[in-house]
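Undergrad: Got run-v1.pdb for you, PDB, C-alpha atoms:
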```pdb
ATOM      1  CA  MET A   1      23.057  85.361 120.723
ATOM      2  CA  LYS A   2      21.472  88.491 122.272
ATOM      3  CA  LYS A   3      23.612  90.631 120.015
ATOM      4  CA  LEU A   4      22.470  88.626 117.023
ATOM      5  CA  ILE A   5      18.762  88.826 117.816
ATOM      6  CA  PHE A   6      19.082  92.538 118.471
ATOM      7  CA  LEU A   7      20.860  93.081 115.148
ATOM      8  CA  VAL A   8      18.267  91.102 113.187
ATOM      9  CA  ALA A   9      15.466  92.961 114.962
ATOM     10  CA  MET A  10      17.067  96.298 114.132
ATOM     11  CA  LEU A  11      17.590  95.344 110.497
ATOM     12  CA  LEU A  12      14.061  94.107 110.013
ATOM     13  CA  SER A  13      12.197  96.865 111.840
ATOM     14  CA  PHE A  14      10.693  99.395 109.480
ATOM     15  CA  VAL A  15       7.399 100.945 108.492
ATOM     16  CA  THR A  16       6.527 101.718 104.890
ATOM     17  CA  VAL A  17       3.508 103.309 103.297
ATOM     18  CA  ASN A  18       2.831 103.049  99.597
ATOM     19  CA  ALA A  19       0.246 104.400  97.214
ATOM     20  CA  GLN A  20      -1.657 101.871  95.126
ATOM     21  CA  PRO A  21       0.123 101.420  91.804
ATOM     22  CA  GLY A  22      -1.648 101.276  88.494
ATOM     23  CA  SER A  23      -2.666  97.822  87.331
ATOM     24  CA  ASP A  24      -2.295  98.128  83.565
ATOM     25  CA  ILE A  25       1.122  96.429  83.381
ATOM     26  CA  GLN A  26       1.344  92.653  83.450
ATOM     27  CA  MET A  27       2.998  91.091  86.476
ATOM     28  CA  ALA A  28       2.984  87.567  87.840
ATOM     29  CA  ASP A  29      -0.158  88.239  89.858
ATOM     30  CA  ALA A  30      -1.852  85.067  88.703
ATOM     31  CA  LEU A  31       1.106  83.010  89.822
ATOM     32  CA  ARG A  32       0.996  84.505  93.246
ATOM     33  CA  THR A  33      -2.730  84.226  93.743
ATOM     34  CA  SER A  34      -2.637  80.568  92.790
ATOM     35  CA  GLY A  35       0.234  80.157  95.224
ATOM     36  CA  MET A  36       2.730  78.949  92.634
ATOM     37  CA  ILE A  37       5.407  81.528  93.438
ATOM     38  CA  TYR A  38       5.840  79.848  96.808
ATOM     39  CA  VAL A  39       7.175  76.784  95.005
ATOM     40  CA  VAL A  40       9.992  78.873  93.545
ATOM     41  CA  VAL A  41      10.702  80.524  96.887
ATOM     42  CA  ILE A  42      10.901  77.132  98.606
ATOM     43  CA  THR A  43      13.212  75.776  95.892
ATOM     44  CA  ILE A  44      15.605  78.682  96.289
ATOM     45  CA  VAL A  45      15.450  78.472 100.075
ATOM     46  CA  ILE A  46      16.304  74.745  99.888
ATOM     47  CA  ILE A  47      19.268  75.464  97.625
ATOM     48  CA  PHE A  48      20.540  78.184  99.895
ATOM     49  CA  THR A  49      19.994  76.014 102.994
ATOM     50  CA  GLY A  50      22.243  73.423 101.376
ATOM     51  CA  LEU A  51      24.881  76.021 100.576
ATOM     52  CA  ALA A  52      24.768  77.461 104.101
ATOM     53  CA  ILE A  53      25.112  74.006 105.692
ATOM     54  CA  TYR A  54      27.979  73.308 103.304
ATOM     55  CA  LEU A  55      29.780  76.524 104.294
ATOM     56  CA  PHE A  56      29.229  75.865 108.007
ATOM     57  CA  SER A  57      30.569  72.321 107.663
ATOM     58  CA  ILE A  58      33.709  73.577 105.895
ATOM     59  CA  ASP A  59      34.090  76.094 108.706
ATOM     60  CA  ARG A  60      33.810  73.318 111.333
ATOM     61  CA  ARG A  61      36.286  71.043 109.584
ATOM     62  CA  LEU A  62      38.746  73.929 109.288
ATOM     63  CA  LYS A  63      38.422  74.658 112.998
ATOM     64  CA  LYS A  64      39.357  71.037 113.747
ATOM     65  CA  ILE A  65      42.411  71.184 111.491
ATOM     66  CA  GLU A  66      43.442  74.529 112.989
ATOM     67  CA  LYS A  67      43.315  73.031 116.485
ATOM     68  CA  GLU A  68      45.523  70.118 115.424
ATOM     69  CA  ASN A  69      48.198  72.437 114.055
TER      70      ASN A  69
ATOM     71  CA  MET B  70      41.005  89.411 113.387
ATOM     72  CA  LYS B  71      39.429  87.173 116.011
ATOM     73  CA  PHE B  72      36.000  87.699 114.529
ATOM     74  CA  ILE B  73      36.782  85.453 111.566
ATOM     75  CA  TYR B  74      36.603  82.460 113.918
ATOM     76  CA  GLN B  75      33.268  83.555 115.415
ATOM     77  CA  THR B  76      29.878  82.304 114.295
ATOM     78  CA  TRP B  77      27.382  85.090 115.020
ATOM     79  CA  TRP B  78      27.988  87.158 111.872
ATOM     80  CA  LYS B  79      27.816  84.049 109.681
ATOM     81  CA  VAL B  80      24.424  83.193 111.181
ATOM     82  CA  LEU B  81      23.381  86.806 110.630
ATOM     83  CA  ALA B  82      24.369  86.593 106.959
ATOM     84  CA  VAL B  83      22.412  83.372 106.443
ATOM     85  CA  VAL B  84      19.315  84.724 108.239
ATOM     86  CA  LEU B  85      19.383  87.922 106.176
ATOM     87  CA  ILE B  86      19.710  85.967 102.929
ATOM     88  CA  PHE B  87      16.753  83.766 103.849
ATOM     89  CA  TYR B  88      14.833  86.998 104.447
ATOM     90  CA  THR B  89      15.773  88.449 101.057
ATOM     91  CA  LEU B  90      15.044  85.158  99.270
ATOM     92  CA  THR B  91      11.494  85.074 100.602
ATOM     93  CA  ALA B  92      10.688  88.785 100.839
ATOM     94  CA  GLY B  93      12.388  89.381  97.482
ATOM     95  CA  PHE B  94       9.799  87.222  95.750
ATOM     96  CA  LEU B  95       6.726  87.892  97.831
ATOM     97  CA  ILE B  96       6.786  91.631  98.554
ATOM     98  CA  GLY B  97       5.354  93.759  95.775
ATOM     99  CA  VAL B  98       7.500  95.681  93.303
ATOM    100  CA  PRO B  99       6.814  98.701  91.084
ATOM    101  CA  ARG B 100       4.986  97.887  87.853
ATOM    102  CA  LEU B 101       7.294  98.993  85.083
ATOM    103  CA  PRO B 102       7.219  98.338  81.354
ATOM    104  CA  ILE B 103      10.019  96.183  79.841
ATOM    105  CA  LEU B 104      11.240  95.119  83.287
ATOM    106  CA  HIS B 105       8.053  93.479  84.616
ATOM    107  CA  GLU B 106       9.026  90.912  87.269
ATOM    108  CA  THR B 107      12.708  90.958  86.271
ATOM    109  CA  ILE B 108      13.024  94.036  88.480
ATOM    110  CA  ARG B 109      13.427  91.448  91.263
ATOM    111  CA  ASN B 110      16.833  90.665  89.755
ATOM    112  CA  THR B 111      17.950  93.837  91.542
ATOM    113  CA  TYR B 112      17.853  91.879  94.824
ATOM    114  CA  PHE B 113      20.353  89.340  93.526
ATOM    115  CA  HIS B 114      22.376  90.947  90.711
ATOM    116  CA  VAL B 115      23.382  94.159  92.502
ATOM    117  CA  PRO B 116      24.424  92.467  95.801
ATOM    118  CA  MET B 117      26.954  90.377  93.811
ATOM    119  CA  TRP B 118      28.724  93.627  92.948
ATOM    120  CA  ILE B 119      28.458  94.915  96.511
ATOM    121  CA  ALA B 120      30.019  91.647  97.714
ATOM    122  CA  MET B 121      32.793  92.031  95.140
ATOM    123  CA  PHE B 122      33.519  95.628  96.148
ATOM    124  CA  THR B 123      33.608  94.631  99.822
ATOM    125  CA  VAL B 124      36.252  91.919  99.428
ATOM    126  CA  PHE B 125      38.285  93.961  96.920
ATOM    127  CA  THR B 126      38.337  96.849  99.404
ATOM    128  CA  ILE B 127      39.533  94.526 102.181
ATOM    129  CA  SER B 128      42.150  93.218  99.754
ATOM    130  CA  VAL B 129      43.541  96.724  99.127
ATOM    131  CA  ILE B 130      43.619  97.496 102.852
ATOM    132  CA  TYR B 131      45.681  94.373 103.468
ATOM    133  CA  SER B 132      47.939  95.084 100.498
ATOM    134  CA  ILE B 133      48.768  98.459 102.076
ATOM    135  CA  LYS B 134      49.232  96.762 105.458
ATOM    136  CA  TYR B 135      51.536  94.223 103.824
ATOM    137  CA  LEU B 136      53.738  96.956 102.417
ATOM    138  CA  GLN B 137      53.957  98.485 105.888
ATOM    139  CA  SER B 138      54.523  95.321 107.899
ATOM    140  CA  GLY B 139      55.930  92.739 105.489
ATOM    141  CA  LYS B 140      53.831  90.093 107.254
ATOM    142  CA  GLU B 141      53.132  87.188 104.929
ATOM    143  CA  GLU B 142      49.642  86.767 106.468
ATOM    144  CA  HIS B 143      48.557  90.163 105.151
ATOM    145  CA  ASP B 144      49.613  89.168 101.658
ATOM    146  CA  LEU B 145      47.610  85.931 101.948
ATOM    147  CA  ILE B 146      44.479  87.861 103.007
ATOM    148  CA  ALA B 147      44.882  90.180 100.008
ATOM    149  CA  VAL B 148      45.137  87.274  97.546
ATOM    150  CA  GLU B 149      42.249  85.279  98.922
ATOM    151  CA  CYS B 150      40.051  88.393  98.948
ATOM    152  CA  VAL B 151      40.824  88.916  95.256
ATOM    153  CA  ASN B 152      40.070  85.244  94.530
ATOM    154  CA  THR B 153      36.691  85.519  96.252
ATOM    155  CA  GLY B 154      36.015  88.892  94.647
ATOM    156  CA  LEU B 155      36.627  87.483  91.175
ATOM    157  CA  PHE B 156      34.094  84.728  91.871
ATOM    158  CA  PHE B 157      31.431  87.318  92.711
ATOM    159  CA  PHE B 158      32.602  89.452  89.790
ATOM    160  CA  ALA B 159      31.875  86.537  87.441
ATOM    161  CA  LEU B 160      28.480  85.964  89.050
ATOM    162  CA  GLY B 161      27.656  89.663  88.630
ATOM    163  CA  LEU B 162      28.678  89.625  84.973
ATOM    164  CA  VAL B 163      26.722  86.452  84.149
ATOM    165  CA  THR B 164      23.556  87.545  85.978
ATOM    166  CA  GLY B 165      23.886  90.945  84.300
ATOM    167  CA  MET B 166      24.186  89.302  80.880
ATOM    168  CA  LEU B 167      21.106  87.172  81.471
ATOM    169  CA  TRP B 168      19.120  90.197  82.596
ATOM    170  CA  ALA B 169      20.425  92.221  79.632
ATOM    171  CA  LYS B 170      19.143  89.551  77.222
ATOM    172  CA  TYR B 171      15.579  90.190  78.394
ATOM    173  CA  ALA B 172      15.754  93.914  79.178
ATOM    174  CA  TRP B 173      18.100  95.166  76.421
ATOM    175  CA  GLY B 174      17.669  92.395  73.831
ATOM    176  CA  GLU B 175      21.225  91.023  73.735
ATOM    177  CA  TYR B 176      23.421  89.154  76.168
ATOM    178  CA  TRP B 177      26.287  91.448  75.234
ATOM    179  CA  SER B 178      25.386  94.692  73.488
ATOM    180  CA  ASN B 179      28.837  96.291  73.912
ATOM    181  CA  ASP B 180      27.332  98.636  76.430
ATOM    182  CA  PRO B 181      29.960 100.862  78.150
ATOM    183  CA  LYS B 182      29.077  99.344  81.516
ATOM    184  CA  GLN B 183      29.509  95.795  80.233
ATOM    185  CA  ASN B 184      32.714  96.513  78.363
ATOM    186  CA  SER B 185      34.416  98.322  81.192
ATOM    187  CA  ALA B 186      33.323  95.632  83.657
ATOM    188  CA  ALA B 187      34.935  93.053  81.374
ATOM    189  CA  ILE B 188      38.152  95.106  81.246
ATOM    190  CA  ALA B 189      38.152  95.384  85.049
ATOM    191  CA  PHE B 190      37.707  91.610  85.234
ATOM    192  CA  LEU B 191      40.799  91.111  83.063
ATOM    193  CA  LEU B 192      42.642  93.659  85.202
ATOM    194  CA  TYR B 193      42.133  91.467  88.258
ATOM    195  CA  CYS B 194      42.926  88.273  86.322
ATOM    196  CA  ALA B 195      46.232  89.947  85.442
ATOM    197  CA  TYR B 196      46.834  90.420  89.168
ATOM    198  CA  LEU B 197      46.665  86.655  89.711
ATOM    199  CA  VAL B 198      48.815  85.940  86.652
ATOM    200  CA  LEU B 199      51.419  88.460  87.803
ATOM    201  CA  ARG B 200      51.437  86.957  91.282
ATOM    202  CA  ASN B 201      51.846  83.400  90.099
ATOM    203  CA  SER B 202      54.668  84.306  87.749
ATOM    204  CA  ILE B 203      57.022  85.368  90.580
ATOM    205  CA  ASP B 204      58.694  82.641  92.625
ATOM    206  CA  GLU B 205      60.460  84.641  95.283
ATOM    207  CA  GLU B 206      58.028  85.221  98.154
ATOM    208  CA  GLN B 207      58.836  88.758  99.285
ATOM    209  CA  LYS B 208      59.208  90.062  95.758
ATOM    210  CA  ARG B 209      55.910  88.425  94.827
ATOM    211  CA  GLY B 210      54.196  89.940  97.844
ATOM    212  CA  LYS B 211      55.492  93.442  97.219
ATOM    213  CA  ILE B 212      54.894  93.584  93.474
ATOM    214  CA  SER B 213      51.419  92.105  93.701
ATOM    215  CA  ALA B 214      50.509  94.426  96.596
ATOM    216  CA  ILE B 215      51.538  97.475  94.562
ATOM    217  CA  TYR B 216      49.682  96.185  91.504
ATOM    218  CA  ASN B 217      46.590  95.603  93.646
ATOM    219  CA  ILE B 218      46.694  99.129  95.069
ATOM    220  CA  PHE B 219      46.769 100.555  91.532
ATOM    221  CA  ALA B 220      44.224  98.098  90.115
ATOM    222  CA  PHE B 221      41.551  98.961  92.673
ATOM    223  CA  PRO B 222      40.990 102.655  91.796
ATOM    224  CA  ILE B 223      41.203 101.804  88.087
ATOM    225  CA  MET B 224      38.528  99.145  88.598
ATOM    226  CA  VAL B 225      36.318 101.658  90.442
ATOM    227  CA  VAL B 226      36.774 104.225  87.661
ATOM    228  CA  LEU B 227      36.047 101.623  84.971
ATOM    229  CA  ILE B 228      32.887 100.319  86.593
ATOM    230  CA  MET B 229      31.489 103.333  88.417
ATOM    231  CA  VAL B 230      32.795 106.470  86.693
ATOM    232  CA  LEU B 231      33.465 105.968  82.966
ATOM    233  CA  PRO B 232      30.049 104.442  82.111
ATOM    234  CA  ARG B 233      28.394 107.424  83.770
ATOM    235  CA  LEU B 234      30.182 109.829  81.458
ATOM    236  CA  THR B 235      28.711 108.288  78.318
ATOM    237  CA  ASP B 236      25.358 106.912  77.306
ATOM    238  CA  SER B 237      24.684 103.493  78.713
ATOM    239  CA  LEU B 238      21.660 101.266  78.916
ATOM    240  CA  HIS B 239      22.515 100.372  82.494
ATOM    241  CA  PRO B 240      20.637 102.294  85.210
ATOM    242  CA  GLY B 241      22.824 104.891  86.873
ATOM    243  CA  ASN B 242      24.549 105.932  83.662
ATOM    244  CA  GLY B 243      24.196 108.726  81.113
ATOM    245  CA  GLY B 244      22.038 110.860  83.371
ATOM    246  CA  ASN B 245      19.867 107.845  84.143
ATOM    247  CA  PRO B 246      19.694 107.514  87.924
ATOM    248  CA  ALA B 247      20.238 104.122  89.540
ATOM    249  CA  PHE B 248      17.908 103.362  92.415
ATOM    250  CA  GLY B 249      16.106 106.581  91.592
ATOM    251  CA  LYS B 250      12.541 107.498  92.309
ATOM    252  CA  LEU B 251      11.631 106.197  88.855
ATOM    253  CA  ASP B 252      12.465 102.541  89.269
ATOM    254  CA  MET B 253      12.637 101.951  93.017
ATOM    255  CA  ASP B 254      10.318 102.405  95.935
ATOM    256  CA  ASN B 255      10.589 101.731  99.659
ATOM    257  CA  ARG B 256       9.205  98.226  99.303
ATOM    258  CA  MET B 257      12.300  97.409  97.261
ATOM    259  CA  ARG B 258      14.705  99.148  99.604
ATOM    260  CA  ILE B 259      13.668  97.044 102.598
ATOM    261  CA  VAL B 260      14.789  93.977 100.680
ATOM    262  CA  LEU B 261      17.736  95.434  98.774
ATOM    263  CA  TYR B 262      19.729  96.937 101.640
ATOM    264  CA  PRO B 263      19.627  93.818 103.847
ATOM    265  CA  ALA B 264      20.666  91.884 100.716
ATOM    266  CA  PHE B 265      23.716  94.143 100.337
ATOM    267  CA  ILE B 266      24.784  93.463 103.922
ATOM    268  CA  ALA B 267      24.049  89.742 103.677
ATOM    269  CA  TRP B 268      25.966  89.065 100.459
ATOM    270  CA  ALA B 269      28.882  91.231 101.577
ATOM    271  CA  LEU B 270      29.097  89.119 104.747
ATOM    272  CA  ILE B 271      28.884  85.877 102.724
ATOM    273  CA  ALA B 272      31.755  87.058 100.520
ATOM    274  CA  VAL B 273      33.837  87.965 103.576
ATOM    275  CA  TRP B 274      33.016  84.560 105.067
ATOM    276  CA  ILE B 275      34.176  82.670 101.963
ATOM    277  CA  ALA B 276      37.311  84.837 101.820
ATOM    278  CA  THR B 277      38.136  84.060 105.459
ATOM    279  CA  LEU B 278      37.640  80.334 104.843
ATOM    280  CA  ARG B 279      40.021  80.483 101.887
ATOM    281  CA  TYR B 280      42.483  82.529 103.946
ATOM    282  CA  ARG B 281      42.426  80.024 106.804
ATOM    283  CA  ILE B 282      43.165  77.155 104.397
ATOM    284  CA  ARG B 283      45.970  79.236 102.838
ATOM    285  CA  LEU B 284      47.376  79.995 106.276
ATOM    286  CA  ILE B 285      47.574  76.284 107.192
ATOM    287  CA  GLU B 286      49.305  75.529 103.884
ATOM    288  CA  PHE B 287      51.685  78.416 104.447
ATOM    289  CA  LYS B 288      52.577  77.296 107.976
ATOM    290  CA  LYS B 289      53.180  73.726 106.803
ATOM    291  CA  ASN B 290      55.485  74.922 104.063
ATOM    292  CA  THR B 291      57.565  77.148 106.315
ATOM    293  CA  ILE B 292      58.058  74.753 109.234
ATOM    294  CA  ASN B 293      59.123  71.760 107.152
TER     295      ASN B 293
END
```
Here is a file; write its structure as structure tokens.
TA:
Amino acid sequence: MKKLIFLVAMLLSFVTVNAQPGSDIQMADALRTSGMIYVVVITIVIIFTGLAIYLFSIDRRLKKIEKEN
Amino acid sequence: MKFIYQTWWKVLAVVLIFYTLTAGFLIGVPRLPILHETIRNTYFHVPMWIAMFTVFTISVIYSIKYLQSGKEEHDLIAVECVNTGLFFFALGLVTGMLWAKYAWGEYWSNDPKQNSAAIAFLLYCAYLVLRNSIDEEQKRGKISAIYNIFAFPIMVVLIMVLPRLTDSLHPGNGGNPAFGKLDMDNRMRIVLYPAFIAWALIAVWIATLRYRIRLIEFKKNTIN
């Protein structure tokens, strides 16, 4: 677990500096200010949560079968 | 090989993907004409190809190992890696087509990158057809291992080299740099690189699951 936390911490530790970009090109700013993009993010996260649980459950079932053999 | 039964790297993959799913949508991206918000596709389309390359590379390594050792397990790893790789290959092609519809105007514009990717896809389908057409186990293992070793560099040349020699709409081709200063910035890199690692790990995970199922089937068939 320590190894895992350390790895995640290493992967997610960074500092970035950016100049302000021009604002003449249309982006989904309105969506984000009204908070709607979060709905999409949550939907995708739910789908991936399902997939991850599914993969882990296959992994567990396989482990059981492997022990029996 | 013990690591395939461990959990920590699977948890790592899932955590990293959750990070890219949220950060990929919420962190800002460069404002570019034509692309607009579809530039976020980079976080999901490109990692499919990285995942594919990862499992195909593992497949070649185990094909070489199989030729050295003759161990049936190595052959099984090579096949299941190709099976998983083809799945991600298809995902990469389909997501690329969808993106192309909105960035280039057509799902399939006979772009060199698209065409050679399709040829490489058929190349790997031929691997599975060749494999399944041979009944005798050792012969099947040897022939398919040799085919795999030749198919891999051809696939790399088709996808990575040939499109760069001609004009292509795809970034990274025809003197058009991929991930260059023009279309990427550091805000994108902090999402993209973890996504590469995460999807590569997910592909390896699925391949190991398939391999473990194959191994049980194989053991059952040999003992009885």
Undergrad: Residues within 12 Å of (41.3, 80.5, 102.6), file coordinates, counting only C-alpha atoms: what are they? Give the list as a PDB file with C-alpha atoms, keeping the file's coordinate frame.
TA:
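Okay, this is what ended up in selection-v6.pdb:
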```pdb
ATOM      1  CA  ILE A  58      33.709  73.577 105.895  1.00  0.00           C
ATOM      2  CA  ASP A  59      34.090  76.094 108.706  1.00  0.00           C
ATOM      3  CA  LEU A  62      38.746  73.929 109.288  1.00  0.00           C
TER       4      LEU A  62
ATOM      5  CA  ILE B  73      36.782  85.453 111.566  1.00  0.00           C
ATOM      6  CA  GLU B 142      49.642  86.767 106.468  1.00  0.00           C
ATOM      7  CA  LEU B 145      47.610  85.931 101.948  1.00  0.00           C
ATOM      8  CA  ILE B 146      44.479  87.861 103.007  1.00  0.00           C
ATOM      9  CA  ALA B 147      44.882  90.180 100.008  1.00  0.00           C
ATOM     10  CA  VAL B 148      45.137  87.274  97.546  1.00  0.00           C
ATOM     11  CA  GLU B 149      42.249  85.279  98.922  1.00  0.00           C
ATOM     12  CA  CYS B 150      40.051  88.393  98.948  1.00  0.00           C
ATOM     13  CA  VAL B 151      40.824  88.916  95.256  1.00  0.00           C
ATOM     14  CA  ASN B 152      40.070  85.244  94.530  1.00  0.00           C
ATOM     15  CA  THR B 153      36.691  85.519  96.252  1.00  0.00           C
ATOM     16  CA  ALA B 272      31.755  87.058 100.520  1.00  0.00           C
ATOM     17  CA  VAL B 273      33.837  87.965 103.576  1.00  0.00           C
ATOM     18  CA  TRP B 274      33.016  84.560 105.067  1.00  0.00           C
ATOM     19  CA  ILE B 275      34.176  82.670 101.963  1.00  0.00           C
ATOM     20  CA  ALA B 276      37.311  84.837 101.820  1.00  0.00           C
ATOM     21  CA  THR B 277      38.136  84.060 105.459  1.00  0.00           C
ATOM     22  CA  LEU B 278      37.640  80.334 104.843  1.00  0.00           C
ATOM     23  CA  ARG B 279      40.021  80.483 101.887  1.00  0.00           C
ATOM     24  CA  TYR B 280      42.483  82.529 103.946  1.00  0.00           C
ATOM     25  CA  ARG B 281      42.426  80.024 106.804  1.00  0.00           C
ATOM     26  CA  ILE B 282      43.165  77.155 104.397  1.00  0.00           C
ATOM     27  CA  ARG B 283      45.970  79.236 102.838  1.00  0.00           C
ATOM     28  CA  LEU B 284      47.376  79.995 106.276  1.00  0.00           C
ATOM     29  CA  ILE B 285      47.574  76.284 107.192  1.00  0.00           C
ATOM     30  CA  GLU B 286      49.305  75.529 103.884  1.00  0.00           C
ATOM     31  CA  PHE B 287      51.685  78.416 104.447  1.00  0.00           C
TER      32      PHE B 287
END
```
Undergrad: Which one of A:Ala9, A:Ala52, A:Val39, A:Ile47 sits closest to chain B if you count all atoms listed in the file?
TA: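 That would be A:Ala52, the residue with the smallest distance to chain B.
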Undergrad: Could the residues of chain B within 7 Å of chain A, counting all atoms listed in the file, be given as a list in words, please?
TA: Trp77, Leu81, Val83, Phe87, Leu90, Thr91, Phe94, Arg100, Leu101, Pro102, His105, Glu106, Asn255 and Leu278 of chain B
Undergrad: Please determine, counting only C-alpha atoms, which residue among B:Val80, B:Gly210, B:Leu227, B:Lys140 has the shortest atom-to-atom distance to Pro181 in chain B.
TA: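 Residue with the minimum atom-to-atom distance to Pro181 in chain B: B:Leu227.
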Undergrad: What gap, in Å, lies between CA of Ser213 in chain B and CA of Ala187 in chain B?
TA: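 Distance reported for this atom pair: 20.6 Å.
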Undergrad: At what distance in Å, to one decimal, does CA of Gln75 in chain B lie from CA of Ala120 in chain B?
TA: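 Between these atoms lies a distance of 19.7 Å.
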Undergrad: How many Å separate CA of Gln183 in chain B from CA of Leu199 in chain B?
TA: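 Separation of CA of Gln183 in chain B and CA of Leu199 in chain B: 24.3 Å.
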Undergrad: Report, as lines of an AutoDock Vina configuration file, the centre and edge lengths in Å (one decimal) of the axis-aligned box enclosing every listed atom of range 35-53 of chain A, padded by 3 Å on each side.
TA:
```
center_x = 12.7
center_y = 77.5
center_z = 99.2
size_x = 30.9
size_y = 14.1
size_z = 19.1
```
Undergrad: For the provided coordinates, the residues matched by the PyMOL selection byres ((chain B and resi 110) around 12) should be stated as a PyMOL selection string.
TA: chain B and resi 89-90+93-94+98+104-109+111-117+161+164-169+171-172+257+260-261+264
Undergrad: Between B:Gln207, B:Ser185, B:Ser138, B:Asn201, which is the closest to Pro232 in chain B once you count only C-alpha atoms?
TA: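 Between B:Gln207, B:Ser185, B:Ser138, B:Asn201, the residue approaching Pro232 in chain B most closely is B:Ser185.
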Undergrad: Choose the residue, out of B:Phe219, B:Phe156, B:Tyr262, B:Tyr74, that has the smallest atom-to-atom separation from Tyr196 in chain B; count all atoms listed in the file.
TA: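 Closest candidate: B:Phe219.
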